[in-house]
Amino acid sequence: MFVLTENPSVANKFLAELRDVQIQKDSLRFRKNLERLGEIMAYEVSKSFEFSPKDVKTPLETTKVLLPKEKPVIFVILRASLPFYQGFLNFFDNAESGFIGAFREEGETIKINLGYHASPSLEGKIVILADPMLATGKSFMESITTLLQHGTPKIIHIACVIAAPEGIQYIQEHLKIPYQLWIGAIDEKLNADSYIVPGLGDAGDLAFGQK
Ligand code: URA
């Protein structure tokens, strides 16, 4: 498990701004900070890829560079994931994309409703599932069950900005295929409404306006 904020870096500033109730009023900045964190996390994830040498011809000579052997499929969970996913796509600029529509049904118990999904074949590929908030872990697991309808990936990289310990534990107990967790910060707990505390609030509403 990789946790970005275990080491001090400028990423902490972007995360702090995402949490700050005053700065959150600027939704363009909120989306931009999610996108920046997506780019930073993508860089970290890319270090786990396999690379092979390739010749590149400069105007002066030919030199060898190490390039990734494979391109990933990046999944966006609509709608809250869009800016974070865009950061990953900026970095893995020739990646394929998969789409899942997921929303929480309001009620006594939390029910995740998955609607639309579209994906290329995932058989043997590297999948990155980018969703900023890992709360209960249930929507991540349901998204993974949905994406597995398109083939079995070689590995799933689960990337989030903020995770609750409950969500991490849920993934660890239920996910039975190879995966790796990439987390911006691990927070304290979930509240009674399954929001992450201290967290940042509702990422989808903050990025795209209230429901
Ligand atoms: N989704 C959010 O947007 N925020 C949380 O705290 C939990 C899930």
# chains A, B, ... in the order shown; residues from 1 in each chain; ligands from 1
>>> select_by_dssp(residues="chain A", states="alpha helix (DSSP H)", output="PyMOL selection string")
chain A and resi 11-19+27-46+82-91+138-147+165-174+203-208
>>> residues_near_ligand(ligand="ligand 1", cutoff="12 Å", atoms="only C-alpha atoms and all ligand atoms", output="ChimeraX atom specification")
/A:18-19,77-81,102-104,110,112,131-140,160-164,166-167,186-208,210
>>> write_last_selection(atoms="C-alpha atoms", output="PDB file, in the first residue's frame")
ATOM      1  CA  LEU A  18      -9.261  20.173  -1.123  1.00  0.00           C
ATOM      2  CA  ARG A  19     -10.209  19.870   2.557  1.00  0.00           C
ATOM      3  CA  ILE A  77     -16.513   6.315 -11.714  1.00  0.00           C
ATOM      4  CA  LEU A  78     -19.073   8.944 -12.660  1.00  0.00           C
ATOM      5  CA  ARG A  79     -19.358  11.602 -11.525  1.00  0.00           C
ATOM      6  CA  ALA A  80     -17.003  12.404  -8.610  1.00  0.00           C
ATOM      7  CA  SER A  81     -13.991  10.713 -10.248  1.00  0.00           C
ATOM      8  CA  ALA A 102     -22.337   4.782  -9.691  1.00  0.00           C
ATOM      9  CA  PHE A 103     -24.447   6.630  -7.138  1.00  0.00           C
ATOM     10  CA  ARG A 104     -25.468   6.225  -3.516  1.00  0.00           C
ATOM     11  CA  ILE A 110     -26.268   2.797   2.030  1.00  0.00           C
ATOM     12  CA  ILE A 112     -24.761   1.722  -4.316  1.00  0.00           C
ATOM     13  CA  ASP A 131     -12.027   7.365  -7.408  1.00  0.00           C
ATOM     14  CA  PRO A 132     -11.146  10.148  -4.951  1.00  0.00           C
ATOM     15  CA  MET A 133     -12.948   8.844  -1.826  1.00  0.00           C
ATOM     16  CA  LEU A 134     -12.487   5.300  -0.468  1.00  0.00           C
ATOM     17  CA  ALA A 135     -15.183   5.329   2.236  1.00  0.00           C
ATOM     18  CA  THR A 136     -16.919   1.989   2.947  1.00  0.00           C
ATOM     19  CA  GLY A 137     -15.140   0.264   0.042  1.00  0.00           C
ATOM     20  CA  LYS A 138     -18.485  -1.094  -1.173  1.00  0.00           C
ATOM     21  CA  SER A 139     -18.761   1.084  -4.282  1.00  0.00           C
ATOM     22  CA  PHE A 140     -15.167   0.218  -5.202  1.00  0.00           C
ATOM     23  CA  CYS A 160      -7.940   7.387  -4.147  1.00  0.00           C
ATOM     24  CA  VAL A 161      -7.213  10.761  -2.585  1.00  0.00           C
ATOM     25  CA  ILE A 162      -8.614  10.054   0.903  1.00  0.00           C
ATOM     26  CA  ALA A 163      -9.325   6.632   2.423  1.00  0.00           C
ATOM     27  CA  ALA A 164     -11.067   5.553   5.627  1.00  0.00           C
ATOM     28  CA  GLU A 166     -12.882   0.799   7.182  1.00  0.00           C
ATOM     29  CA  GLY A 167     -12.736   1.031   3.371  1.00  0.00           C
ATOM     30  CA  ILE A 186      -5.617   7.810   5.383  1.00  0.00           C
ATOM     31  CA  ASP A 187      -8.169   9.569   7.610  1.00  0.00           C
ATOM     32  CA  GLU A 188      -9.586   8.681  11.000  1.00  0.00           C
ATOM     33  CA  LYS A 189     -12.948   6.968  10.430  1.00  0.00           C
ATOM     34  CA  LEU A 190     -16.394   6.984   8.800  1.00  0.00           C
ATOM     35  CA  ASN A 191     -19.280   8.871  10.407  1.00  0.00           C
ATOM     36  CA  ALA A 192     -22.844   7.486  10.766  1.00  0.00           C
ATOM     37  CA  ASP A 193     -23.635   8.597   7.182  1.00  0.00           C
ATOM     38  CA  SER A 194     -20.530   6.824   5.835  1.00  0.00           C
ATOM     39  CA  TYR A 195     -18.701  10.071   5.151  1.00  0.00           C
ATOM     40  CA  ILE A 196     -14.959  10.126   5.782  1.00  0.00           C
ATOM     41  CA  VAL A 197     -13.901  12.117   8.887  1.00  0.00           C
ATOM     42  CA  PRO A 198     -12.209  14.574   8.752  1.00  0.00           C
ATOM     43  CA  GLY A 199     -12.338  14.005   4.966  1.00  0.00           C
ATOM     44  CA  LEU A 200     -13.446  16.828   2.727  1.00  0.00           C
ATOM     45  CA  GLY A 201     -17.228  16.425   2.379  1.00  0.00           C
ATOM     46  CA  ASP A 202     -18.955  15.246  -0.794  1.00  0.00           C
ATOM     47  CA  ALA A 203     -16.374  15.267  -3.575  1.00  0.00           C
ATOM     48  CA  GLY A 204     -18.973  15.055  -6.370  1.00  0.00           C
ATOM     49  CA  ASP A 205     -21.026  17.970  -5.050  1.00  0.00           C
ATOM     50  CA  LEU A 206     -17.923  20.097  -4.468  1.00  0.00           C
ATOM     51  CA  ALA A 207     -16.617  19.460  -7.989  1.00  0.00           C
ATOM     52  CA  PHE A 208     -19.872  19.751  -9.872  1.00  0.00           C
ATOM     53  CA  GLN A 210     -25.078  20.356  -5.239  1.00  0.00           C
TER      54      GLN A 210
END
>>> residues_around(residues="Pro68 (chain A)", least_positions_apart="2", cutoff="7 Å", atoms="only C-alpha atoms", output="list of chain:residue names")
A:Phe49, A:Glu50, A:Phe51, A:Ser52, A:Leu66, A:Glu70
>>> residues_around(residues="Ile156 (chain A)", least_positions_apart="2", cutoff="6 Å", atoms="only C-alpha atoms", output="ChimeraX atom specification")
/A:127-128,179
>>> residues_around(residues="Gln86 (chain A)", least_positions_apart="6", cutoff="12 Å", atoms="only C-alpha atoms", output="PyMOL selection string")
chain A and resi 31-42+74-77+79-80+92-93+95+97+130-132
>>> closest_residue(among="A:Leu28, A:Leu147, A:Trp182, A:Gly209", to="Ser46 (chain A)", atoms="only C-alpha atoms")
A:Trp182
>>> residues_around(residues="Glu6 (chain A)", least_positions_apart="5", cutoff="10 Å", atoms="only C-alpha atoms", output="ChimeraX atom specification")
/A:12,183-186
>>> write_last_selection(atoms="N, CA and C atoms", output="PDB file, in the first residue's frame")
ATOM      1  N   ASN A  12       0.822  17.710  -0.422  1.00  0.00           N
ATOM      2  CA  ASN A  12       0.087  18.026   0.815  1.00  0.00           C
ATOM      3  C   ASN A  12      -0.695  19.333   0.687  1.00  0.00           C
ATOM      4  N   ILE A 183      -2.954   5.575  -2.128  1.00  0.00           N
ATOM      5  CA  ILE A 183      -3.815   6.441  -1.315  1.00  0.00           C
ATOM      6  C   ILE A 183      -3.117   7.778  -1.069  1.00  0.00           C
ATOM      7  N   GLY A 184      -3.881   8.880  -1.179  1.00  0.00           N
ATOM      8  CA  GLY A 184      -3.322  10.188  -0.858  1.00  0.00           C
ATOM      9  C   GLY A 184      -3.096  10.313   0.642  1.00  0.00           C
ATOM     10  N   ALA A 185      -4.176  10.146   1.417  1.00  0.00           N
ATOM     11  CA  ALA A 185      -4.086  10.239   2.889  1.00  0.00           C
ATOM     12  C   ALA A 185      -5.085   9.264   3.508  1.00  0.00           C
ATOM     13  N   ILE A 186      -4.690   8.677   4.635  1.00  0.00           N
ATOM     14  CA  ILE A 186      -5.617   7.810   5.383  1.00  0.00           C
ATOM     15  C   ILE A 186      -6.179   8.625   6.535  1.00  0.00           C
TER      16      ILE A 186
END
